[in-house]
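Enquirer: So I've got this file, run-v6.txt, and it contains compact mmCIF, C-alpha atoms:
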# COMPACT_ATOMS: atom_id res chain seq x y z
CA MET A 1164 -8.33 -13.57 -38.10
CA THR A 1165 -10.94 -14.35 -40.71
CA PRO A 1166 -13.61 -16.64 -39.23
CA THR A 1167 -15.25 -19.41 -41.14
CA ALA A 1168 -18.88 -19.20 -42.16
CA ASP A 1169 -19.93 -21.36 -39.22
CA PRO A 1170 -18.75 -19.84 -35.92
CA GLY A 1171 -21.10 -22.16 -34.03
CA ALA A 1172 -19.30 -25.42 -34.88
CA GLY A 1173 -19.82 -28.12 -32.29
CA HIS A 1174 -17.35 -28.11 -29.42
CA ALA A 1175 -16.36 -31.74 -29.96
CA ALA A 1176 -15.54 -31.16 -33.63
CA LEU A 1177 -13.66 -28.00 -32.71
CA ALA A 1178 -11.65 -29.81 -30.05
CA ARG A 1179 -10.74 -32.54 -32.53
CA LEU A 1180 -9.61 -30.00 -35.13
CA VAL A 1181 -7.44 -28.23 -32.57
CA ARG A 1182 -5.96 -31.51 -31.42
CA ASP A 1183 -5.22 -32.77 -34.93
CA GLU A 1184 -3.59 -29.49 -35.99
CA GLY A 1185 -1.75 -29.26 -32.68
CA SER A 1186 0.33 -32.36 -33.41
CA ARG A 1187 1.91 -30.72 -36.46
CA VAL A 1188 2.48 -27.52 -34.51
CA LEU A 1189 4.15 -29.49 -31.73
CA ALA A 1190 6.52 -31.15 -34.18
CA THR A 1191 7.50 -27.77 -35.62
CA LEU A 1192 8.09 -26.24 -32.19
CA VAL A 1193 10.17 -29.17 -30.97
CA ARG A 1194 12.34 -28.85 -34.05
CA THR A 1195 12.76 -25.14 -33.41
CA THR A 1196 13.41 -25.29 -29.67
CA GLY A 1197 14.96 -28.72 -29.26
CA SER A 1198 12.83 -29.23 -26.14
CA LEU A 1199 9.77 -31.47 -26.04
CA GLU A 1200 8.78 -30.22 -22.59
CA LEU A 1201 8.88 -26.55 -23.62
CA ALA A 1202 7.04 -27.29 -26.88
CA GLU A 1203 4.32 -29.30 -25.12
CA ASP A 1204 3.71 -26.55 -22.57
CA ALA A 1205 3.53 -23.86 -25.26
CA VAL A 1206 1.25 -25.88 -27.56
CA GLN A 1207 -1.04 -26.85 -24.69
CA ASP A 1208 -1.52 -23.19 -23.82
CA ALA A 1209 -2.15 -22.39 -27.50
CA VAL A 1210 -4.74 -25.17 -27.72
CA ILE A 1211 -6.59 -23.88 -24.65
CA ARG A 1212 -6.60 -20.38 -26.11
CA ALA A 1213 -7.80 -21.67 -29.50
CA LEU A 1214 -10.76 -23.49 -27.94
CA ASP A 1215 -11.77 -20.27 -26.23
CA VAL A 1216 -11.22 -17.85 -29.11
CA TRP A 1217 -12.41 -20.06 -31.96
CA SER A 1218 -15.64 -21.02 -30.19
CA ARG A 1219 -16.49 -17.30 -29.99
CA GLU A 1220 -15.00 -15.89 -33.20
CA GLY A 1221 -14.94 -18.88 -35.54
CA VAL A 1222 -12.13 -21.05 -36.85
CA PRO A 1223 -9.43 -19.07 -38.69
CA VAL A 1224 -8.77 -19.72 -42.36
CA GLU A 1225 -5.34 -21.17 -41.49
CA PRO A 1226 -5.78 -22.80 -38.07
CA ARG A 1227 -2.32 -24.36 -38.01
CA ALA A 1228 -0.62 -21.02 -38.67
CA TRP A 1229 -2.72 -19.45 -35.88
CA LEU A 1230 -1.74 -22.20 -33.44
CA THR A 1231 1.91 -22.05 -34.47
CA LEU A 1232 2.18 -18.32 -33.92
CA THR A 1233 0.32 -18.48 -30.61
CA ALA A 1234 2.47 -21.40 -29.40
CA ARG A 1235 5.65 -19.63 -30.49
CA ARG A 1236 4.69 -16.52 -28.49
CA ARG A 1237 3.94 -18.67 -25.46
CA ALA A 1238 7.30 -20.41 -25.80
CA ILE A 1239 8.99 -17.01 -25.84
CA ASP A 1240 7.22 -16.08 -22.61
CA LEU A 1241 8.30 -19.32 -20.97
CA LEU A 1242 11.90 -18.91 -22.12
CA ARG A 1243 12.09 -15.35 -20.88
CA ARG A 1244 10.78 -16.41 -17.48
CA GLU A 1245 13.35 -19.20 -17.32
CA ARG A 1246 16.13 -16.81 -18.34
CA VAL A 1247 15.23 -14.37 -15.59
CA ARG A 1248 14.66 -17.06 -12.97
CA GLU A 1249 17.73 -19.18 -13.67
CA GLY A 1250 20.09 -16.73 -15.30
CA LYS A 1251 20.31 -18.63 -18.60
CA GLU A 1252 20.76 -15.59 -20.85
CA ALA A 1253 23.29 -17.22 -23.18
CA ALA A 1254 21.42 -20.53 -23.40
CA THR A 1255 18.12 -18.94 -24.36
CA ALA A 1256 19.28 -16.10 -26.61
CA ALA A 1257 19.55 -18.25 -29.75
CA LEU A 1258 16.17 -19.87 -29.14
CA LEU A 1259 14.50 -16.53 -28.62
CA ASP A 1260 15.90 -15.41 -31.95
CA LEU A 1261 14.55 -18.52 -33.67
CA LEU A 1262 11.16 -17.92 -32.07
CA ASP A 1263 10.87 -14.33 -33.31
CA PRO A 1264 7.11 -13.64 -33.20
CA GLU A 1265 7.44 -11.26 -36.13
CA CYS A 1266 8.35 -14.23 -38.37
CA PRO A 1267 5.19 -16.37 -38.39
CA GLU A 1268 6.49 -18.69 -41.11
CA ASP A 1269 8.59 -21.48 -39.71
CA ARG A 1270 12.10 -21.85 -40.93
CA SER A 1271 12.30 -25.15 -42.75
CA PRO A 1272 15.08 -27.55 -41.84
CA GLU A 1273 17.70 -27.45 -44.54
CA ASP A 1274 20.19 -29.98 -43.24
CA GLY A 1275 19.93 -33.70 -42.71
CA VAL A 1276 17.87 -36.33 -44.46
CA LEU A 1277 14.59 -35.61 -42.65
CA ARG A 1278 12.94 -32.43 -43.87
CA ASP A 1279 9.39 -32.89 -42.59
CA ASP A 1280 8.89 -31.81 -39.00
CA LEU A 1281 6.52 -34.58 -37.93
CA LEU A 1282 8.57 -37.29 -39.62
CA ARG A 1283 11.74 -35.91 -38.02
CA LEU A 1284 10.13 -36.07 -34.61
CA LEU A 1285 8.74 -39.56 -35.18
CA PHE A 1286 12.26 -40.83 -35.77
CA THR A 1287 13.44 -38.81 -32.79
CA CYS A 1288 10.84 -40.38 -30.47
CA CYS A 1289 11.60 -43.91 -31.69
CA HIS A 1290 14.88 -43.98 -29.79
CA PRO A 1291 16.48 -47.45 -29.52
CA ALA A 1292 16.88 -47.02 -25.76
CA LEU A 1293 13.10 -47.41 -25.52
CA SER A 1294 11.17 -50.59 -26.26
CA THR A 1295 9.26 -50.59 -29.55
CA GLN A 1296 5.94 -50.51 -27.68
CA ALA A 1297 7.15 -47.53 -25.65
CA GLN A 1298 8.28 -45.74 -28.81
CA ILE A 1299 4.90 -46.26 -30.45
CA ALA A 1300 2.91 -45.20 -27.39
CA LEU A 1301 4.99 -42.05 -26.93
CA ALA A 1302 4.76 -41.11 -30.61
CA LEU A 1303 1.02 -41.71 -30.89
CA ARG A 1304 0.24 -39.80 -27.70
CA THR A 1305 2.71 -36.93 -28.04
CA LEU A 1306 3.04 -36.35 -31.76
CA CYS A 1307 -0.05 -37.77 -33.43
CA GLY A 1308 -2.58 -36.16 -31.11
CA LEU A 1309 -4.24 -39.39 -29.95
CA THR A 1310 -5.67 -39.46 -26.45
CA THR A 1311 -4.40 -41.92 -23.87
CA ALA A 1312 -7.60 -43.93 -24.37
CA GLU A 1313 -7.07 -44.05 -28.15
CA VAL A 1314 -3.44 -45.14 -27.73
CA ALA A 1315 -4.58 -47.82 -25.29
CA SER A 1316 -7.13 -49.05 -27.84
CA ALA A 1317 -4.51 -49.13 -30.58
CA LEU A 1318 -2.15 -51.22 -28.45
CA LEU A 1319 -4.87 -53.41 -26.89
CA VAL A 1320 -4.36 -52.44 -23.26
CA SER A 1321 -6.55 -50.68 -20.72
CA GLU A 1322 -6.45 -46.91 -20.40
CA PRO A 1323 -5.03 -46.97 -16.83
CA THR A 1324 -2.29 -49.37 -17.97
CA MET A 1325 -1.41 -47.10 -20.88
CA ALA A 1326 -1.35 -44.02 -18.64
CA LYS A 1327 1.15 -45.76 -16.36
CA ARG A 1328 3.27 -46.84 -19.33
CA LEU A 1329 3.45 -43.33 -20.70
CA THR A 1330 4.45 -41.98 -17.29
CA ARG A 1331 7.23 -44.58 -17.06
CA VAL A 1332 8.44 -43.75 -20.56
CA ARG A 1333 8.69 -40.05 -19.83
CA ARG A 1334 10.42 -40.78 -16.52
CA LYS A 1335 12.94 -43.01 -18.29
CA ILE A 1336 13.64 -40.32 -20.88
CA ALA A 1337 14.26 -37.76 -18.16
CA THR A 1338 16.30 -40.08 -15.91
CA ALA A 1339 18.46 -41.50 -18.69
CA GLY A 1340 18.87 -38.13 -20.38
CA ILE A 1341 17.66 -39.47 -23.73
CA PRO A 1342 17.99 -36.50 -26.09
CA TYR A 1343 15.30 -35.26 -28.46
CA ARG A 1344 17.85 -35.01 -31.21
CA VAL A 1345 17.12 -35.71 -34.87
CA PRO A 1346 18.98 -38.88 -35.89
CA ASN A 1347 21.37 -38.96 -38.82
CA ALA A 1348 20.93 -41.23 -41.83
CA ASP A 1349 22.88 -44.11 -40.29
CA ASP A 1350 20.53 -44.20 -37.29
CA LEU A 1351 17.29 -44.47 -39.27
CA PRO A 1352 17.16 -48.26 -39.83
CA GLU A 1353 17.19 -49.14 -36.13
CA ARG A 1354 14.28 -46.75 -35.55
CA LEU A 1355 12.23 -47.73 -38.59
CA ASP A 1356 10.06 -50.43 -36.98
CA GLY A 1357 8.67 -48.01 -34.42
CA VAL A 1358 8.03 -45.32 -37.03
CA LEU A 1359 6.22 -47.72 -39.39
CA ALA A 1360 4.06 -49.11 -36.58
CA THR A 1361 3.16 -45.59 -35.46
CA VAL A 1362 2.07 -44.56 -38.96
CA TYR A 1363 0.11 -47.82 -39.36
CA LEU A 1364 -1.75 -47.34 -36.06
CA LEU A 1365 -2.37 -43.66 -36.81
CA PHE A 1366 -4.11 -44.73 -40.03
CA ASN A 1367 -6.10 -47.39 -38.17
CA GLU A 1368 -7.42 -44.86 -35.67
CA GLY A 1369 -8.53 -42.66 -38.56
CA TYR A 1370 -10.06 -45.56 -40.50
CA TYR A 1371 -11.77 -47.21 -37.50
CA ALA A 1372 -12.20 -44.44 -34.93
CA SER A 1373 -12.18 -45.91 -31.42
CA ALA A 1374 -14.43 -43.17 -30.02
CA GLY A 1375 -16.29 -40.02 -30.97
CA ALA A 1376 -19.24 -39.15 -33.17
CA THR A 1377 -17.91 -40.45 -36.48
CA PRO A 1378 -16.51 -43.85 -37.48
CA MET A 1379 -13.80 -42.23 -39.62
CA ARG A 1380 -11.31 -39.41 -39.12
CA ARG A 1381 -10.11 -38.52 -42.58
CA GLN A 1382 -7.51 -36.07 -41.36
CA LEU A 1383 -5.69 -38.91 -39.59
CA THR A 1384 -5.82 -41.28 -42.56
CA ALA A 1385 -4.59 -38.53 -44.89
CA GLU A 1386 -1.74 -37.69 -42.52
CA ALA A 1387 -0.73 -41.35 -42.23
CA ILE A 1388 -0.66 -41.74 -46.03
CA ARG A 1389 1.35 -38.52 -46.33
CA LEU A 1390 3.92 -39.83 -43.85
CA ALA A 1391 4.04 -43.23 -45.57
CA ALA A 1392 4.74 -41.55 -48.90
CA LEU A 1393 7.49 -39.41 -47.32
CA LEU A 1394 9.02 -42.55 -45.83
CA ARG A 1395 9.11 -44.16 -49.26
CA GLU A 1396 10.84 -41.09 -50.70
CA LEU A 1397 13.37 -41.29 -47.88
CA LEU A 1398 13.87 -45.09 -48.02
CA PRO A 1399 12.78 -46.13 -51.53
CA ASP A 1400 14.30 -49.62 -51.41
CA GLN A 1401 12.89 -50.73 -48.05
CA MET A 1402 10.29 -53.45 -48.57
CA PRO A 1403 8.33 -52.73 -45.34
CA VAL A 1404 8.07 -49.05 -46.26
CA ILE A 1405 6.69 -49.85 -49.70
CA GLY A 1406 4.36 -52.47 -48.23
CA LEU A 1407 2.99 -50.04 -45.66
CA GLU A 1408 2.12 -47.38 -48.23
CA ALA A 1409 0.52 -50.02 -50.46
CA LEU A 1410 -1.57 -51.28 -47.53
CA LEU A 1411 -2.79 -47.82 -46.54
CA ARG A 1412 -3.70 -46.85 -50.10
CA LEU A 1413 -5.56 -50.10 -50.79
CA HIS A 1414 -7.67 -49.58 -47.67
CA ASP A 1415 -8.16 -45.86 -48.19
CA ALA A 1416 -9.46 -46.51 -51.71
CA ARG A 1417 -12.69 -47.83 -50.15
CA SER A 1418 -13.27 -44.71 -48.05
CA PRO A 1419 -15.80 -43.07 -50.43
CA ALA A 1420 -18.17 -46.01 -49.90
CA ARG A 1421 -17.59 -46.67 -46.20
CA LEU A 1422 -20.23 -44.29 -44.84
CA ASP A 1423 -23.88 -43.84 -45.79
CA ALA A 1424 -25.68 -40.52 -46.17
CA ALA A 1425 -26.20 -40.33 -42.41
CA GLY A 1426 -22.52 -40.89 -41.71
CA ASP A 1427 -22.99 -44.42 -40.41
CA PRO A 1428 -20.63 -47.25 -41.41
CA VAL A 1429 -21.41 -49.46 -44.39
CA LEU A 1430 -20.12 -53.01 -44.09
CA LEU A 1431 -17.66 -54.14 -46.75
CA ALA A 1432 -20.20 -56.68 -48.03
CA ASP A 1433 -22.74 -53.90 -48.63
CA GLN A 1434 -20.50 -51.20 -50.10
CA ASP A 1435 -21.10 -49.78 -53.56
CA ARG A 1436 -17.82 -50.81 -55.15
CA SER A 1437 -18.32 -48.44 -58.07
CA ARG A 1438 -17.55 -45.65 -55.60
CA TRP A 1439 -14.15 -47.05 -54.67
CA ASP A 1440 -11.22 -44.93 -55.81
CA ARG A 1441 -9.81 -46.94 -58.72
CA GLY A 1442 -6.82 -44.65 -59.11
CA GLU A 1443 -5.85 -45.24 -55.49
CA ILE A 1444 -6.33 -48.98 -55.92
CA GLN A 1445 -4.00 -48.93 -58.92
CA ARG A 1446 -1.37 -46.99 -56.97
CA GLY A 1447 -1.62 -49.48 -54.14
CA LEU A 1448 -1.38 -52.47 -56.50
CA SER A 1449 1.68 -51.01 -58.21
CA LEU A 1450 3.42 -50.54 -54.87
CA LEU A 1451 2.40 -54.05 -53.81
CA GLY A 1452 3.93 -55.46 -56.97
CA ILE A 1453 7.23 -53.74 -56.20
CA ALA A 1454 7.17 -54.98 -52.61
CA LEU A 1455 6.40 -58.57 -53.64
CA ARG A 1456 9.33 -58.54 -56.06
CA LEU A 1457 11.56 -57.50 -53.17
CA SER A 1458 10.16 -60.29 -50.94
CA THR A 1459 12.83 -62.86 -51.58
CA THR A 1460 13.29 -64.13 -48.02
CA ARG A 1461 11.08 -63.66 -44.94
CA PRO A 1462 7.59 -62.28 -45.73
CA ASP A 1463 6.95 -58.78 -44.42
CA PRO A 1464 3.75 -58.24 -42.37
CA TYR A 1465 2.81 -54.99 -44.13
CA VAL A 1466 3.28 -56.55 -47.56
CA VAL A 1467 1.16 -59.58 -46.61
CA GLN A 1468 -1.60 -57.35 -45.26
CA ALA A 1469 -1.46 -55.34 -48.48
CA ALA A 1470 -1.92 -58.57 -50.43
CA ILE A 1471 -5.02 -59.35 -48.35
CA ALA A 1472 -6.38 -55.86 -48.98
CA ALA A 1473 -5.73 -56.34 -52.69
CA CYS A 1474 -7.85 -59.52 -52.69
CA HIS A 1475 -10.78 -57.47 -51.45
CA ASP A 1476 -10.18 -54.54 -53.80
CA LEU A 1477 -9.92 -56.79 -56.86
CA ALA A 1478 -13.15 -58.67 -56.13
CA PRO A 1479 -15.99 -57.25 -58.27
CA THR A 1480 -18.55 -58.26 -55.63
CA TRP A 1481 -18.57 -59.59 -52.09
CA ASP A 1482 -19.70 -63.01 -53.29
CA ALA A 1483 -16.80 -63.14 -55.76
CA THR A 1484 -14.18 -62.55 -53.03
CA ASN A 1485 -11.44 -65.19 -53.08
CA TRP A 1486 -11.71 -66.22 -49.44
CA ALA A 1487 -9.42 -69.20 -49.90
CA ALA A 1488 -6.62 -66.89 -51.02
CA ILE A 1489 -7.32 -64.53 -48.11
CA VAL A 1490 -7.17 -67.33 -45.55
CA SER A 1491 -3.92 -68.53 -47.12
CA TRP A 1492 -2.43 -65.05 -46.85
CA TYR A 1493 -3.50 -64.91 -43.20
CA ASP A 1494 -1.68 -68.20 -42.63
CA VAL A 1495 1.45 -66.54 -44.00
CA LEU A 1496 0.86 -63.50 -41.82
CA LEU A 1497 0.47 -65.63 -38.68
CA ALA A 1498 3.84 -67.21 -39.38
CA VAL A 1499 5.60 -63.82 -39.16
CA HIS A 1500 3.22 -61.70 -37.08
CA ASP A 1501 1.10 -63.80 -34.73
CA THR A 1502 -1.17 -61.41 -32.84
CA PRO A 1503 -4.74 -61.66 -31.48
CA VAL A 1504 -5.96 -59.17 -34.11
CA VAL A 1505 -4.47 -61.21 -36.95
CA ARG A 1506 -6.10 -64.34 -35.56
CA LEU A 1507 -9.43 -62.52 -35.30
CA ASN A 1508 -9.28 -61.34 -38.89
CA ARG A 1509 -8.34 -64.83 -40.05
CA ALA A 1510 -11.30 -66.25 -38.11
CA ILE A 1511 -13.66 -63.87 -39.90
CA ALA A 1512 -12.22 -64.97 -43.25
CA VAL A 1513 -12.59 -68.62 -42.26
CA ALA A 1514 -16.25 -67.96 -41.44
CA GLU A 1515 -16.79 -66.60 -44.94
CA LEU A 1516 -14.98 -69.55 -46.48
CA THR A 1517 -16.44 -72.47 -44.53
CA GLY A 1518 -19.30 -71.11 -42.44
CA PRO A 1519 -20.00 -69.33 -39.13
CA ALA A 1520 -19.41 -72.40 -36.94
CA ALA A 1521 -15.80 -72.66 -38.14
CA GLY A 1522 -15.28 -68.95 -37.60
CA LEU A 1523 -16.71 -69.12 -34.08
CA ALA A 1524 -14.36 -71.97 -33.21
CA GLU A 1525 -11.42 -69.84 -34.35
CA ILE A 1526 -12.62 -66.81 -32.38
CA ASP A 1527 -13.30 -68.82 -29.24
CA ALA A 1528 -9.72 -70.06 -29.37
CA ILE A 1529 -8.47 -66.49 -28.90
CA GLY A 1530 -11.31 -64.94 -26.90
CA ASP A 1531 -9.83 -65.63 -23.49
CA LEU A 1532 -6.58 -63.82 -24.20
CA GLU A 1533 -6.19 -60.76 -21.99
CA ASP A 1534 -5.15 -58.58 -24.94
CA VAL A 1535 -8.54 -58.88 -26.64
CA ARG A 1536 -10.91 -59.14 -23.69
CA GLY A 1537 -13.45 -56.39 -24.29
CA TYR A 1538 -12.00 -55.63 -27.76
CA LEU A 1539 -15.02 -54.35 -29.69
CA PRO A 1540 -14.21 -55.86 -33.13
CA LEU A 1541 -13.87 -59.32 -31.56
CA VAL A 1542 -17.03 -59.06 -29.45
CA ALA A 1543 -19.03 -57.68 -32.40
CA ALA A 1544 -17.68 -60.30 -34.82
CA ARG A 1545 -18.58 -63.09 -32.41
CA ALA A 1546 -22.07 -61.65 -31.98
CA GLU A 1547 -22.61 -61.54 -35.74
CA LEU A 1548 -21.38 -65.10 -36.28
CA LEU A 1549 -23.62 -66.37 -33.47
CA ALA A 1550 -26.57 -64.71 -35.21
CA ARG A 1551 -25.64 -66.28 -38.54
CA ALA A 1552 -25.32 -69.67 -36.87
CA GLY A 1553 -28.87 -69.38 -35.56
CA ARG A 1554 -27.77 -69.08 -31.93
CA THR A 1555 -30.01 -66.06 -31.42
CA ASP A 1556 -30.11 -65.93 -27.61
CA GLU A 1557 -26.33 -66.04 -27.38
CA ALA A 1558 -26.05 -63.46 -30.15
CA ARG A 1559 -28.31 -61.06 -28.25
CA THR A 1560 -26.14 -61.42 -25.16
CA GLN A 1561 -23.01 -60.85 -27.21
CA PHE A 1562 -24.42 -57.76 -28.94
CA ARG A 1563 -25.26 -56.31 -25.52
CA ALA A 1564 -21.67 -57.01 -24.46
CA ALA A 1565 -20.44 -55.23 -27.58
CA LEU A 1566 -22.57 -52.19 -26.75
CA ALA A 1567 -20.98 -52.11 -23.29
CA THR A 1568 -17.46 -51.74 -24.71
CA SER A 1569 -15.90 -48.50 -25.91
CA GLY A 1570 -16.45 -47.46 -29.51
CA ASN A 1571 -17.55 -44.62 -31.75
CA ASP A 1572 -21.17 -43.47 -31.74
CA ALA A 1573 -21.96 -44.60 -35.29
CA THR A 1574 -20.73 -48.13 -34.65
CA LYS A 1575 -22.81 -48.28 -31.47
CA ARG A 1576 -25.89 -47.28 -33.48
CA GLU A 1577 -25.22 -50.11 -35.92
CA LEU A 1578 -24.83 -52.60 -33.06
CA SER A 1579 -28.08 -51.35 -31.50
CA HIS A 1580 -29.84 -51.83 -34.82
CA ARG A 1581 -28.59 -55.41 -35.12
CA LEU A 1582 -29.68 -56.13 -31.56
CA SER A 1583 -33.15 -54.74 -32.30
CA GLN A 1584 -33.42 -57.02 -35.31
CA LEU A 1585 -32.56 -60.02 -33.13
CA LEU A 1586 -35.01 -58.94 -30.42
CA ASP A 1587 -37.74 -58.95 -33.07
CA ALA A 1588 -36.74 -62.43 -34.21
CA PRO A 1589 -38.80 -65.42 -33.03
CA PRO A 1590 -37.39 -67.29 -30.01
CA GLU A 1591 -35.15 -70.28 -30.60
CA GLY A 1592 -36.72 -73.70 -30.75
Could I get this structure in the form of structure tokens?
Expert:
Amino acid sequence: MTPTADPGAGHAALARLVRDEGSRVLATLVRTTGSLELAEDAVQDAVIRALDVWSREGVPVEPRAWLTLTARRRAIDLLRRERVREGKEAATAALLDLLDPECPEDRSPEDGVLRDDLLRLLFTCCHPALSTQAQIALALRTLCGLTTAEVASALLVSEPTMAKRLTRVRRKIATAGIPYRVPNADDLPERLDGVLATVYLLFNEGYYASAGATPMRRQLTAEAIRLAALLRELLPDQMPVIGLEALLRLHDARSPARLDAAGDPVLLADQDRSRWDRGEIQRGLSLLGIALRLSTTRPDPYVVQAAIAACHDLAPTWDATNWAAIVSWYDVLLAVHDTPVVRLNRAIAVAELTGPAAGLAEIDAIGDLEDVRGYLPLVAARAELLARAGRTDEARTQFRAALATSGNDATKRELSHRLSQLLDAPPEG
């Protein structure tokens, strides 16, 4: 092992690196062994060992290769124990050969239409016997490395509720004997919705981190874009696939300007647009054009969201943003994908178009829904609009409520700053 120059990296950052790399290792090991349970046990042991060894000796130059080899060796140990305990010599012989610890490079899949391990396993997890929400939760938690709390945030439920859902999903898989078998080409379309939603939510967690020290996790956004591009290679004529990649690229183009020198978030209105990635914007716009030409019948939610993102990316300044067009696109989106988050985003656009009072009315119409109670973006947006409307006392209360919800550290600092500004403001009346 060759350690990095900084063996004393913070434990939280180290744990996140191990977790992010571990998802790819898990996908590889599941493909090799055909057993999610065995792969999870082996990878978990490898992760625990990595946290111990890397904290003392430094992160290896190729952390994923280190984890893969360590997990493979652990899987061999587990298989050998099972063979001895249950007399499964014939059943485990082939797997032990595949898991030869002297061959650290994984054997790439050469058959079938899915040649990327993580993408293969995403389609495998999105089995039609499970509900779409169950597919997404299982994939985000098991394959993408998100914690139960992060999956709960992505799907707008409480952490205890999500923990129970995941337990039920795993129980159903075991009881019904749902196989972790890579689907063939004919099976892909019925699993596509779950896969697309998983990639979309993986990107969102990277772009707006729900917890932790930083508001962005670039490894997650990069992985989501990589998967979206692979999906387009696999299904080049599918409008939702093209729309999803366009959407992710149009958002990711703003990443260079989203954080200040201290690593704190910069609001879209305050971003230096000269720092946006123009090449990425152009790639996203080209994909959006293709998707719109394919949109001959029912609008696709990913394509519509990409069109909204394009309105922002094409505006030379915040003041020049075409809010009327954005609100119109949100009206289209509501017709095909009516969710509390869509309504919230439309309310924010309405506030920019016609004023904070109109936006508050829109938000208050959705604020009592269980799905968004305690949802930080909604609470924070309402606090900001109350401040803009001159309702300072209510805004202070709302900012305090926002600080009481879960969120990443940088966002909490920004909310604290806004609250301090309001506390320094003269009293109403």
Enquirer: May I ask for the distance between CA of Ala1360 (chain A) and CA of Pro1540 (chain A), given in Å to one decimal place?
Expert: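 Taking CA of Ala1360 (chain A) and CA of Pro1540 (chain A), their separation equals 19.8 Å.
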Enquirer: In Å, rounded to a single decimal, give me how far CA of Ser1437 (chain A) is from CA of Ala1543 (chain A).
Expert: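 Calculated distance between CA of Ala1543 (chain A) and CA of Ser1437 (chain A) is 27.3 Å.
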Enquirer: Could you tell me, as a VMD selection string, which residues have any atom at most 10 Å from (2.0, -24.3, -31.3), counting all atoms listed in the file?
Expert: chain A and resid 1184 to 1193 1202 to 1210 1227 to 1238
Enquirer: Write the residues of the preceding selection, restricted to C-alpha atoms, as a compact mmCIF listing (two decimals), in the coordinates of the input.
Expert:
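For reference, out_5.txt as written:
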# COMPACT_ATOMS: atom_id res chain seq x y z
CA GLU A 1184 -3.59 -29.49 -35.99
CA GLY A 1185 -1.75 -29.26 -32.68
CA SER A 1186 0.33 -32.36 -33.41
CA ARG A 1187 1.91 -30.72 -36.46
CA VAL A 1188 2.48 -27.52 -34.51
CA LEU A 1189 4.15 -29.49 -31.73
CA ALA A 1190 6.52 -31.15 -34.18
CA THR A 1191 7.50 -27.77 -35.62
CA LEU A 1192 8.09 -26.24 -32.19
CA VAL A 1193 10.17 -29.17 -30.97
CA ALA A 1202 7.04 -27.29 -26.88
CA GLU A 1203 4.32 -29.30 -25.12
CA ASP A 1204 3.71 -26.55 -22.57
CA ALA A 1205 3.53 -23.86 -25.26
CA VAL A 1206 1.25 -25.88 -27.56
CA GLN A 1207 -1.04 -26.85 -24.69
CA ASP A 1208 -1.52 -23.19 -23.82
CA ALA A 1209 -2.15 -22.39 -27.50
CA VAL A 1210 -4.74 -25.17 -27.72
CA ARG A 1227 -2.32 -24.36 -38.01
CA ALA A 1228 -0.62 -21.02 -38.67
CA TRP A 1229 -2.72 -19.45 -35.88
CA LEU A 1230 -1.74 -22.20 -33.44
CA THR A 1231 1.91 -22.05 -34.47
CA LEU A 1232 2.18 -18.32 -33.92
CA THR A 1233 0.32 -18.48 -30.61
CA ALA A 1234 2.47 -21.40 -29.40
CA ARG A 1235 5.65 -19.63 -30.49
CA ARG A 1236 4.69 -16.52 -28.49
CA ARG A 1237 3.94 -18.67 -25.46
CA ALA A 1238 7.30 -20.41 -25.80
Enquirer: So which one's closest to Ser1569 (chain A), A:Thr1338, A:Leu1455, A:Glu1313, A:Leu1351? Using all atoms listed in the file, please.
Expert: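 Nearest candidate to Ser1569 (chain A) out of A:Thr1338, A:Leu1455, A:Glu1313, A:Leu1351: A:Glu1313.
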Enquirer: Can you tell me how far CA of Ser1198 (chain A) sits from CA of Arg1244 (chain A), in Å to one decimal?
Expert: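 We find that CA of Ser1198 (chain A) and CA of Arg1244 (chain A) lie 15.6 Å from each other.
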